[in-house]
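Here the structure is laid out as structure tokens; the discussion comes afterwards.
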Amino acid sequence: MASTSSTTHRQFTFFDVETVKDIHDSESCPEIFKNAPEISAMTSSIAGLVVADIHGSIHILNQSFISVASWVAHVGGRVTHMIERQGTLVTIGEEDNVRSAIMKIWNLSKMDKRTNGPSLLRSAKVQPSGKPHPVSCIALTSDIAFLAIGLADGTVLLYRHLDQSLASASGSLTTLPKPRVIHEIPTEPVTFLGFTTSNPTSLSPADDSLPQDASNHIAPSNHILHLLIITTSSTYSYPLIPKVSSPSSVLVDEIGAGLQCACVDWKGRWVTLGREEALYACAVGGRIGSYALEGEKKSLHTHLNYIVVVLPAPFPPAMTTATTPVSNQRKFGAGGAGMVPSTTTGAPAGVGPLSSTSSEVARVVLVDMENKLVAYTGNFEGGVRDAISAWGHVYVAGNDGKLTRLIEKPTPDKLSLLYAKNLYSLALSVAQTQGLDTTDVHRHHGDHLYSRGDFEGAMREYINTIGGVQASYVIRKFLTARLTPLLMTYLQELHARGLAHAEHTTLLLNAYAKAGDVARLDSFVRSEGRVFRGEGPGSVSRVEDLAPGEGLSKEPPFELDTAIRVCRQAGFFTHAAYLARRWGRHDDYLRVLVEDVGESSVELALGGTRRGTGVKSEKGDERKMEISGYSAAVSYLRELGGDCAESALTHYGRALLDHLPEETTQLLIDLCTIAGHLPESSPPEHLPKTQAKVPGYLSYLALSRASAVPPALSAGDEASVAKPPGAAKENGETSAEEDKGAGTSGHPRVASASPGPGHVNDGSQVPRRPSPTLFFAQFVDHTAHFVRFLETVACRRWGQSLEETVAVEFPGSEDDESERRDQASAWNTLLELYLTENQSKGDKEKALRLLRSSHLPYDATHALILCSSYSYAPGLVLLWEKLGMYEDVLRFWMDQHNSGVREVMESGDSSHTGAEILSSPSAQVIAALRQYGPSRPHLYPLVLRFLTATPELVSAHQTDLQEILEHVESEHIMTPLSVVQVLSRNNVASVGLVKGWLMRRIAKGKEEITTDERLISSYRSETKLKLKQIEELTDTEHPRVFHVTRCSQCNGQLDLPSIHFMCNHSYHQRCLLGNDTTCPQCERQHGIVQEIRRNNAQLADQHELFLSEVRDHGFRAVASGFGRDWLQLAWDDTPPSTHPDGSSSI
């Protein structure tokens, strides 16, 4: 029966004891452990607990300790060693008539129906030389790549690539890689072998996190793999990965251990050696730690982060005579029966002479080497046969057949024991060792310090709970006035880790404002966001644990909108603008400059935005200048460029134009004409370029890229803030800060929408320039600047001006159609600006030059409306001419005459710009008719009607009237009746005015009538002749006599048989090919007519076509239909029985 001993300092009871009972008999232990002396080896596996006995049989037990599989592994012998990895079981045992040890490899996942056990993969002897030696220990990597076997004569055998050999289907049962002797010292028997994958220098918790069941499950796929060889007096290391040219075992430490008195750490980092005075941890580099635990060690086993140590229990003096003494030092090889494999490494344990007697009392101690504590101590009467870690518990098999389970208490219970003793540092170490969340430990520690009045220490612990404990839990404890500085520290760290809400930001900034702590406010707005790893061994939980520039976040460590809003409300415009610019919030930054700062002046250091550009005085200090918020906004927008500047100017362009019209106009010009980064300073083109460069607003604010608490804002004249996209050094070089990546510095670079000239994104995209039309509305009440903006943009962007067109290369990314629309909009707007009433005479001339130009893409219709709205006559006439609206030109001058205007200014030829001639509107009508009339005859009746409207016009233009009448007569533009009707509509024109013209027209009409009568007479006689021929052809009662004697084809004398046609053509029958029934000569003449009739017959059924022609042409289509006989009123589709050209044969 196990009993728990009293604990001393650093000794705790983290495990509960439970006796395992048989599932069928609750009064006794499991059946297989009742005969404990026959158990020779135990190991855990994925299939269950594997138990071997001295008869050569192996049993697999489930969690109820019922055998699910049993088979004889070594016939007539016994199993001495076992180890399992990934379902592959390696056993070493003895068999009858075989001197050497036999190694067998089994596949636990595949059962053999013949033996009712797992499938046997390989079987071979372990005999490196002719003389056999007993096996003392074995070790196997988790991927079965390396297998090491230690012998009693100090020899170590290594099997490489065992997994490949087992995977080969062609290999025989005895096929195994050839073992290699890697260590051989006859005077030092090998007692333990273990694989390690790291080279630690101390027992501190490591960052790696292997599975909890990772004891010696070392995969050689890691970068480092070594084999530690333990002998009775020394420890050696043999390198495996990476592979060296001439590997050999190297002495690590001059201490060794007995059989079963060593084990591998649960993460494969070191090997723990059990000696009488203490426990030692040895790694590849040597001894790394120890733990004092006196007493002879019987065996060591690994369970998670604990070392299970079995050693004799201290007996009271009265019992010493009844207890069998045990030698102080375990001797090697006390007989073959004394070698029983360890549960985890296969090292032999004492059996027979080495077994404990029934009166022996053993002590089991669980030691946490990393945290230097004892988690359990218990005495077991009757001694301990073996101990093994399985299913997350420790099982102790006693010599008396009892099986005891040690169950680890839940983590909260273990931590509660430590909390009760105020061992918070130890609790933290325990939680980190087991990879647990340490938040609760820090919270309890903080509560403890807070209750003792150590508020600063409590705050340090509470900071480590950020992310695991509600922030309100801590904030409520520090709301008093005297604890406000600590509260600000907590809130700052909360923001630095990116876990603060808007309420936290508001609270922190209000605390700064209430305390008047501008320095800490400066530090807060320049703080960096940090990325922390999760809690666990080696995790980073404090800002101080990070190296400069490490773990920086790409996001602000606080609610940015709230921070900017609160700073603006509290009057901290400097900090609000800094935050907006620092994190690329261009809209907020400009809002502060324009709406909050406005015309107020702020003191800026020259060159503050860029280091080394300040203007220094003789004493060496930098001179400073006053600059308004509007000037800073314009300068910032120039650095910004791209879509961001475009969007901002649509909102703040009007305000900037009201206060800085010249600078803002030039900025808009550069933005619309330059593809890429804008120049740092570009004075207006019509002014001398002598203005000094204006630095960005708040450029003196410094940024700390390394420390968590940067210096105050006021001390950062030489530091630089995060530049907006497009900002560059004057010398063309990027700064060291810009060379750092965003992932290193934590300063997010907001990429400009308009990269530098020539820069191509993804190899194909070209920077886009905004449309000038977006900014038209901003120029309200700024007409002069609007004109300059449009003229300059048209010249620099499209190469267009009133004088000439300059070739300009358009970026390929800009839509041609969109550019054409923008060009038309720009010139249309310019025309309207030229025509406004407050413009000078020169602008009127510009308007006329614009309208006369053929290379400027203005909209003629829009220009016509503008000229009409502003009553600009030269422009109207010019546009009507361009649009072909010549009648409108004539009517315009007619309206001018009717309005009482007697003299107008007529613009001269376009080649003599500016020349003007005085003339009357009626003269303009005559001039326009002479210009347009020859190609447009319909204008003559209009002018004729105008000139005869009043006696004054008739008397003033008699010669012009005669000219017009002569032209009308020669070109047959009007009939005499039409002319008479026009002239007789009023009493202005007399008959004598057109007497001569009428006489000539009447005489010519008589001649035409005589000619028409002669034609009618000839048509009638011809028609009568045709009708007579038709009558003769259709008369069937009077035979037709043919007098033709010669063939019309060959012109030979006709002879029989011959064929005569009614058309008076006769042929030899032989001359008619194919016996034609129609006259060959007449067929060609009538073929065209017949084809026309057939087409008309087909078109007669296409009613939709006829209706469409009627809709388009009206009566003309109907008349044409009658002429084509579409309505079938003139003839019938049915062909006559006798064709007019019918033939008769003789």
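Just so we're on the same page: first chain in the structure tokens is A, next is B, and so on; residues restart at 1 for each chain, and ligands are numbered from 1 in the order they show up.
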
A:Pro186 surroundings by only C-alpha atoms, 8 Å radius, close-in-sequence under 6 positions cut, as a compact mmCIF listing (two decimals) with N, CA and C atoms, in the first residue's frame:
```
# COMPACT_ATOMS: atom_id res chain seq x y z
N ASP A 153 29.87 -5.24 -23.35
CA ASP A 153 31.32 -5.12 -23.49
C ASP A 153 31.74 -3.72 -23.90
N GLY A 154 30.84 -2.75 -23.81
CA GLY A 154 31.17 -1.36 -24.14
C GLY A 154 31.02 -1.01 -25.60
N THR A 155 30.37 -1.87 -26.37
CA THR A 155 30.20 -1.63 -27.80
C THR A 155 28.80 -1.05 -28.06
```

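The residue set within 10 Å of stretch 1079-1086 of chain A, counting only C-alpha atoms and dropping same-chain residues fewer than 6 places from it, reads Ser1048, Gln1049, Ile1059, His1060, Phe1061, Met1062, Cys1063, Asn1064, His1065, Ser1066, Tyr1067, Leu1072, Leu1073, Asp1141, Gly1142 and Ser1143 of chain A.
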
For the residues in the current selection, export N, CA and C atoms as a PDB file, in the first residue's frame.
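Output file again-v9.pdb follows:
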```pdb
ATOM      1  N   SER A1048     -31.761  33.177-141.174  1.00  0.00           N
ATOM      2  CA  SER A1048     -31.270  34.319-140.410  1.00  0.00           C
ATOM      3  C   SER A1048     -30.018  33.967-139.594  1.00  0.00           C
ATOM      4  N   GLN A1049     -29.691  32.677-139.500  1.00  0.00           N
ATOM      5  CA  GLN A1049     -28.528  32.268-138.712  1.00  0.00           C
ATOM      6  C   GLN A1049     -27.297  32.130-139.588  1.00  0.00           C
ATOM      7  N   ILE A1059     -37.835  26.558-139.863  1.00  0.00           N
ATOM      8  CA  ILE A1059     -38.667  27.069-138.775  1.00  0.00           C
ATOM      9  C   ILE A1059     -38.812  28.566-138.973  1.00  0.00           C
ATOM     10  N   HIS A1060     -40.087  29.069-138.915  1.00  0.00           N
ATOM     11  CA  HIS A1060     -40.379  30.488-139.086  1.00  0.00           C
ATOM     12  C   HIS A1060     -40.953  31.029-137.794  1.00  0.00           C
ATOM     13  N   PHE A1061     -40.492  32.174-137.372  1.00  0.00           N
ATOM     14  CA  PHE A1061     -40.987  32.854-136.180  1.00  0.00           C
ATOM     15  C   PHE A1061     -41.845  34.029-136.587  1.00  0.00           C
ATOM     16  N   MET A1062     -42.782  34.431-135.722  1.00  0.00           N
ATOM     17  CA  MET A1062     -43.709  35.514-136.002  1.00  0.00           C
ATOM     18  C   MET A1062     -43.001  36.866-136.075  1.00  0.00           C
ATOM     19  N   CYS A1063     -41.770  36.900-135.688  1.00  0.00           N
ATOM     20  CA  CYS A1063     -41.019  38.154-135.759  1.00  0.00           C
ATOM     21  C   CYS A1063     -40.330  38.319-137.094  1.00  0.00           C
ATOM     22  N   ASN A1064     -40.691  37.450-138.109  1.00  0.00           N
ATOM     23  CA  ASN A1064     -40.166  37.502-139.472  1.00  0.00           C
ATOM     24  C   ASN A1064     -38.723  37.015-139.573  1.00  0.00           C
ATOM     25  N   HIS A1065     -38.329  36.186-138.657  1.00  0.00           N
ATOM     26  CA  HIS A1065     -37.029  35.534-138.739  1.00  0.00           C
ATOM     27  C   HIS A1065     -37.244  34.053-138.997  1.00  0.00           C
ATOM     28  N   SER A1066     -36.446  33.457-139.973  1.00  0.00           N
ATOM     29  CA  SER A1066     -36.580  32.050-140.331  1.00  0.00           C
ATOM     30  C   SER A1066     -35.205  31.401-140.231  1.00  0.00           C
ATOM     31  N   TYR A1067     -35.210  30.062-139.913  1.00  0.00           N
ATOM     32  CA  TYR A1067     -33.959  29.345-139.684  1.00  0.00           C
ATOM     33  C   TYR A1067     -34.094  27.931-140.213  1.00  0.00           C
ATOM     34  N   LEU A1072     -30.847  25.657-135.403  1.00  0.00           N
ATOM     35  CA  LEU A1072     -31.368  25.924-134.058  1.00  0.00           C
ATOM     36  C   LEU A1072     -30.843  24.859-133.110  1.00  0.00           C
ATOM     37  N   LEU A1073     -30.046  25.235-132.233  1.00  0.00           N
ATOM     38  CA  LEU A1073     -29.460  24.291-131.266  1.00  0.00           C
ATOM     39  C   LEU A1073     -30.493  23.938-130.230  1.00  0.00           C
ATOM     40  N   ASP A1141     -44.141  35.522-129.508  1.00  0.00           N
ATOM     41  CA  ASP A1141     -43.057  34.976-130.339  1.00  0.00           C
ATOM     42  C   ASP A1141     -43.209  33.483-130.560  1.00  0.00           C
ATOM     43  N   GLY A1142     -44.466  32.968-130.390  1.00  0.00           N
ATOM     44  CA  GLY A1142     -44.662  31.541-130.599  1.00  0.00           C
ATOM     45  C   GLY A1142     -44.271  31.113-131.995  1.00  0.00           C
ATOM     46  N   SER A1143     -43.882  29.899-132.133  1.00  0.00           N
ATOM     47  CA  SER A1143     -43.344  29.412-133.420  1.00  0.00           C
ATOM     48  C   SER A1143     -44.251  28.332-133.988  1.00  0.00           C
TER      49      SER A1143
END
```

Find the residues around A:Ala101 up to 9 Å (only C-alpha atoms counted), leave out those fewer than 2 positions away in its own chain, and share them as a list of chain:residue names.
A:Ile92, A:Gly93, A:Glu94, A:Glu95, A:Val98, A:Arg99, A:Met103, A:Ala124, A:Lys125, A:Val126, A:Gln127, A:Pro132, A:His133, A:Pro134, A:Val135

Please, could you write that set of residues out with N, CA, C and O atoms as a PDB file, in the first residue's frame?
```pdb
ATOM      1  N   ILE A  92      14.117  -7.547 -28.126  1.00  0.00           N
ATOM      2  CA  ILE A  92      15.376  -8.296 -28.071  1.00  0.00           C
ATOM      3  C   ILE A  92      15.217  -9.336 -26.962  1.00  0.00           C
ATOM      4  O   ILE A  92      14.810  -8.996 -25.838  1.00  0.00           O
ATOM      5  N   GLY A  93      15.512 -10.549 -27.291  1.00  0.00           N
ATOM      6  CA  GLY A  93      15.344 -11.618 -26.324  1.00  0.00           C
ATOM      7  C   GLY A  93      16.264 -12.795 -26.581  1.00  0.00           C
ATOM      8  O   GLY A  93      17.122 -12.760 -27.475  1.00  0.00           O
ATOM      9  N   GLU A  94      16.069 -13.834 -25.786  1.00  0.00           N
ATOM     10  CA  GLU A  94      16.871 -15.043 -25.888  1.00  0.00           C
ATOM     11  C   GLU A  94      15.982 -16.191 -26.314  1.00  0.00           C
ATOM     12  O   GLU A  94      14.789 -16.234 -25.977  1.00  0.00           O
ATOM     13  N   GLU A  95      16.548 -17.132 -27.041  1.00  0.00           N
ATOM     14  CA  GLU A  95      15.842 -18.324 -27.477  1.00  0.00           C
ATOM     15  C   GLU A  95      16.734 -19.542 -27.292  1.00  0.00           C
ATOM     16  O   GLU A  95      17.965 -19.423 -27.205  1.00  0.00           O
ATOM     17  N   VAL A  98      20.301 -20.841 -29.187  1.00  0.00           N
ATOM     18  CA  VAL A  98      20.882 -19.672 -29.862  1.00  0.00           C
ATOM     19  C   VAL A  98      21.722 -18.929 -28.836  1.00  0.00           C
ATOM     20  O   VAL A  98      21.198 -18.477 -27.803  1.00  0.00           O
ATOM     21  N   ARG A  99      22.994 -18.801 -29.084  1.00  0.00           N
ATOM     22  CA  ARG A  99      23.883 -18.166 -28.122  1.00  0.00           C
ATOM     23  C   ARG A  99      23.713 -16.645 -28.117  1.00  0.00           C
ATOM     24  O   ARG A  99      23.807 -16.005 -27.084  1.00  0.00           O
ATOM     25  N   MET A 103      17.045 -10.066 -32.284  1.00  0.00           N
ATOM     26  CA  MET A 103      16.208  -8.864 -32.410  1.00  0.00           C
ATOM     27  C   MET A 103      15.098  -9.140 -33.410  1.00  0.00           C
ATOM     28  O   MET A 103      15.354  -9.629 -34.520  1.00  0.00           O
ATOM     29  N   ALA A 124      16.697 -10.964 -36.712  1.00  0.00           N
ATOM     30  CA  ALA A 124      18.127 -11.098 -36.962  1.00  0.00           C
ATOM     31  C   ALA A 124      18.857 -11.219 -35.632  1.00  0.00           C
ATOM     32  O   ALA A 124      18.360 -10.825 -34.574  1.00  0.00           O
ATOM     33  N   LYS A 125      20.072 -11.760 -35.694  1.00  0.00           N
ATOM     34  CA  LYS A 125      20.902 -11.905 -34.510  1.00  0.00           C
ATOM     35  C   LYS A 125      21.659 -10.606 -34.241  1.00  0.00           C
ATOM     36  O   LYS A 125      22.020  -9.881 -35.167  1.00  0.00           O
ATOM     37  N   VAL A 126      21.887 -10.349 -32.943  1.00  0.00           N
ATOM     38  CA  VAL A 126      22.707  -9.222 -32.543  1.00  0.00           C
ATOM     39  C   VAL A 126      24.071  -9.782 -32.141  1.00  0.00           C
ATOM     40  O   VAL A 126      24.278 -10.203 -31.000  1.00  0.00           O
ATOM     41  N   GLN A 127      24.983  -9.794 -33.094  1.00  0.00           N
ATOM     42  CA  GLN A 127      26.281 -10.412 -32.857  1.00  0.00           C
ATOM     43  C   GLN A 127      27.311  -9.694 -33.736  1.00  0.00           C
ATOM     44  O   GLN A 127      27.586 -10.101 -34.851  1.00  0.00           O
ATOM     45  N   PRO A 132      29.582 -13.697 -28.636  1.00  0.00           N
ATOM     46  CA  PRO A 132      28.370 -12.959 -28.268  1.00  0.00           C
ATOM     47  C   PRO A 132      28.525 -12.279 -26.916  1.00  0.00           C
ATOM     48  O   PRO A 132      29.205 -12.752 -26.019  1.00  0.00           O
ATOM     49  N   HIS A 133      27.831 -11.099 -26.798  1.00  0.00           N
ATOM     50  CA  HIS A 133      27.784 -10.346 -25.557  1.00  0.00           C
ATOM     51  C   HIS A 133      26.334  -9.944 -25.300  1.00  0.00           C
ATOM     52  O   HIS A 133      25.572  -9.677 -26.235  1.00  0.00           O
ATOM     53  N   PRO A 134      25.969  -9.889 -24.026  1.00  0.00           N
ATOM     54  CA  PRO A 134      24.577  -9.537 -23.726  1.00  0.00           C
ATOM     55  C   PRO A 134      24.267  -8.087 -24.091  1.00  0.00           C
ATOM     56  O   PRO A 134      25.131  -7.208 -24.029  1.00  0.00           O
ATOM     57  N   VAL A 135      22.992  -7.846 -24.485  1.00  0.00           N
ATOM     58  CA  VAL A 135      22.506  -6.504 -24.808  1.00  0.00           C
ATOM     59  C   VAL A 135      22.139  -5.804 -23.509  1.00  0.00           C
ATOM     60  O   VAL A 135      21.413  -6.358 -22.672  1.00  0.00           O
TER      61      VAL A 135
END
```

Need the shell around A:Asp822: protein/DNA/RNA residues with any atom at most 10 Å away, counting only C-alpha atoms. Skip same-chain ones fewer than 6 positions apart. Format as a PDB file with N, CA, C and O atoms, in the first residue's frame?
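Output file selection-v4.pdb follows:
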```
ATOM      1  N   SER A 771      -8.734  63.950 -63.846  1.00  0.00           N
ATOM      2  CA  SER A 771      -9.419  64.766 -64.850  1.00  0.00           C
ATOM      3  C   SER A 771      -9.525  66.201 -64.351  1.00  0.00           C
ATOM      4  O   SER A 771      -9.909  66.448 -63.201  1.00  0.00           O
ATOM      5  N   PRO A 772      -9.206  67.186 -65.189  1.00  0.00           N
ATOM      6  CA  PRO A 772      -9.330  68.585 -64.749  1.00  0.00           C
ATOM      7  C   PRO A 772     -10.752  68.976 -64.401  1.00  0.00           C
ATOM      8  O   PRO A 772     -10.969  69.906 -63.625  1.00  0.00           O
ATOM      9  N   THR A 773     -11.731  68.289 -64.970  1.00  0.00           N
ATOM     10  CA  THR A 773     -13.124  68.662 -64.710  1.00  0.00           C
ATOM     11  C   THR A 773     -13.510  68.477 -63.248  1.00  0.00           C
ATOM     12  O   THR A 773     -14.511  69.048 -62.804  1.00  0.00           O
ATOM     13  N   LEU A 774     -12.743  67.660 -62.501  1.00  0.00           N
ATOM     14  CA  LEU A 774     -13.075  67.445 -61.094  1.00  0.00           C
ATOM     15  C   LEU A 774     -12.925  68.723 -60.272  1.00  0.00           C
ATOM     16  O   LEU A 774     -13.538  68.840 -59.199  1.00  0.00           O
ATOM     17  N   ALA A 794      -4.270  72.729 -70.614  1.00  0.00           N
ATOM     18  CA  ALA A 794      -4.426  72.365 -72.020  1.00  0.00           C
ATOM     19  C   ALA A 794      -3.093  72.353 -72.744  1.00  0.00           C
ATOM     20  O   ALA A 794      -2.843  71.481 -73.596  1.00  0.00           O
ATOM     21  N   ASP A 816      -8.487  57.229 -74.006  1.00  0.00           N
ATOM     22  CA  ASP A 816      -8.524  58.232 -75.065  1.00  0.00           C
ATOM     23  C   ASP A 816      -9.873  58.932 -75.107  1.00  0.00           C
ATOM     24  O   ASP A 816      -9.945  60.154 -75.290  1.00  0.00           O
ATOM     25  N   ASN A 828     -14.529  74.359 -73.816  1.00  0.00           N
ATOM     26  CA  ASN A 828     -15.872  74.933 -73.689  1.00  0.00           C
ATOM     27  C   ASN A 828     -15.927  75.911 -72.523  1.00  0.00           C
ATOM     28  O   ASN A 828     -16.516  76.996 -72.609  1.00  0.00           O
ATOM     29  N   PRO A 857     -10.371  71.047 -79.710  1.00  0.00           N
ATOM     30  CA  PRO A 857     -11.540  70.154 -79.720  1.00  0.00           C
ATOM     31  C   PRO A 857     -12.708  70.668 -78.887  1.00  0.00           C
ATOM     32  O   PRO A 857     -13.195  69.977 -77.995  1.00  0.00           O
ATOM     33  N   TYR A 858     -13.181  71.880 -79.153  1.00  0.00           N
ATOM     34  CA  TYR A 858     -14.346  72.358 -78.420  1.00  0.00           C
ATOM     35  C   TYR A 858     -15.620  71.819 -79.066  1.00  0.00           C
ATOM     36  O   TYR A 858     -15.636  71.411 -80.239  1.00  0.00           O
TER      37      TYR A 858
END
```

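Atom CA of A:Leu521 to atom CA of A:Glu595 spans 22.4 Å [interatomic distance, one decimal].
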
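Using only C-alpha atoms, the residues found no farther than 10 Å from A:Ser67, other than those of its own chain fewer than 4 positions away, are Glu31, Ile32, Gly48, Leu49, Val50, Val51, Ile58, His59, Ile60, Leu61, Asn62 and Gln63 of chain A.
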
Any chance you could export the current selection's N, CA, C and O atoms as a compact mmCIF listing (two decimals), in the first residue's frame?
```
# COMPACT_ATOMS: atom_id res chain seq x y z
N GLU A 31 -5.12 -9.08 -13.45
CA GLU A 31 -4.66 -10.46 -13.44
C GLU A 31 -3.21 -10.60 -13.87
O GLU A 31 -2.45 -11.36 -13.29
N ILE A 32 -2.81 -9.83 -14.88
CA ILE A 32 -1.48 -10.04 -15.44
C ILE A 32 -0.38 -9.58 -14.50
O ILE A 32 0.78 -10.02 -14.59
N GLY A 48 -1.42 0.21 -26.95
CA GLY A 48 -1.72 -0.01 -25.54
C GLY A 48 -0.44 -0.28 -24.77
O GLY A 48 0.69 -0.02 -25.25
N LEU A 49 -0.59 -0.81 -23.59
CA LEU A 49 0.55 -1.15 -22.75
C LEU A 49 1.06 -2.54 -23.15
O LEU A 49 0.31 -3.51 -23.16
N VAL A 50 2.35 -2.62 -23.49
CA VAL A 50 2.96 -3.88 -23.94
C VAL A 50 3.73 -4.47 -22.76
O VAL A 50 4.62 -3.82 -22.20
N VAL A 51 3.39 -5.71 -22.39
CA VAL A 51 4.01 -6.40 -21.26
C VAL A 51 4.61 -7.70 -21.76
O VAL A 51 3.94 -8.47 -22.46
N ILE A 58 4.41 -12.00 -25.20
CA ILE A 58 4.13 -10.55 -25.14
C ILE A 58 2.63 -10.36 -25.14
O ILE A 58 1.90 -11.02 -25.90
N HIS A 59 2.15 -9.44 -24.28
CA HIS A 59 0.73 -9.16 -24.16
C HIS A 59 0.51 -7.65 -24.38
O HIS A 59 1.29 -6.83 -23.88
N ILE A 60 -0.55 -7.31 -25.09
CA ILE A 60 -0.95 -5.91 -25.29
C ILE A 60 -2.21 -5.67 -24.47
O ILE A 60 -3.23 -6.36 -24.65
N LEU A 61 -2.13 -4.69 -23.54
CA LEU A 61 -3.23 -4.40 -22.63
C LEU A 61 -3.88 -3.07 -23.00
O LEU A 61 -3.21 -2.11 -23.39
N ASN A 62 -5.19 -3.02 -22.85
CA ASN A 62 -5.90 -1.76 -23.05
C ASN A 62 -5.94 -0.99 -21.74
O ASN A 62 -5.32 -1.39 -20.75
N GLN A 63 -6.70 0.11 -21.70
CA GLN A 63 -6.72 0.94 -20.50
C GLN A 63 -7.39 0.26 -19.31
O GLN A 63 -7.22 0.68 -18.18
```

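Put simply, atom CA of A:Asp53 is 8.7 Å away from atom CA of A:Thr80.
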
Within 6 Å of A:Leu225, counting only C-alpha atoms, which residues show up once you throw out same-chain ones fewer than 3 positions away? Write them as a PyMOL selection string, please.
chain A and resi 196-197+220+240-241
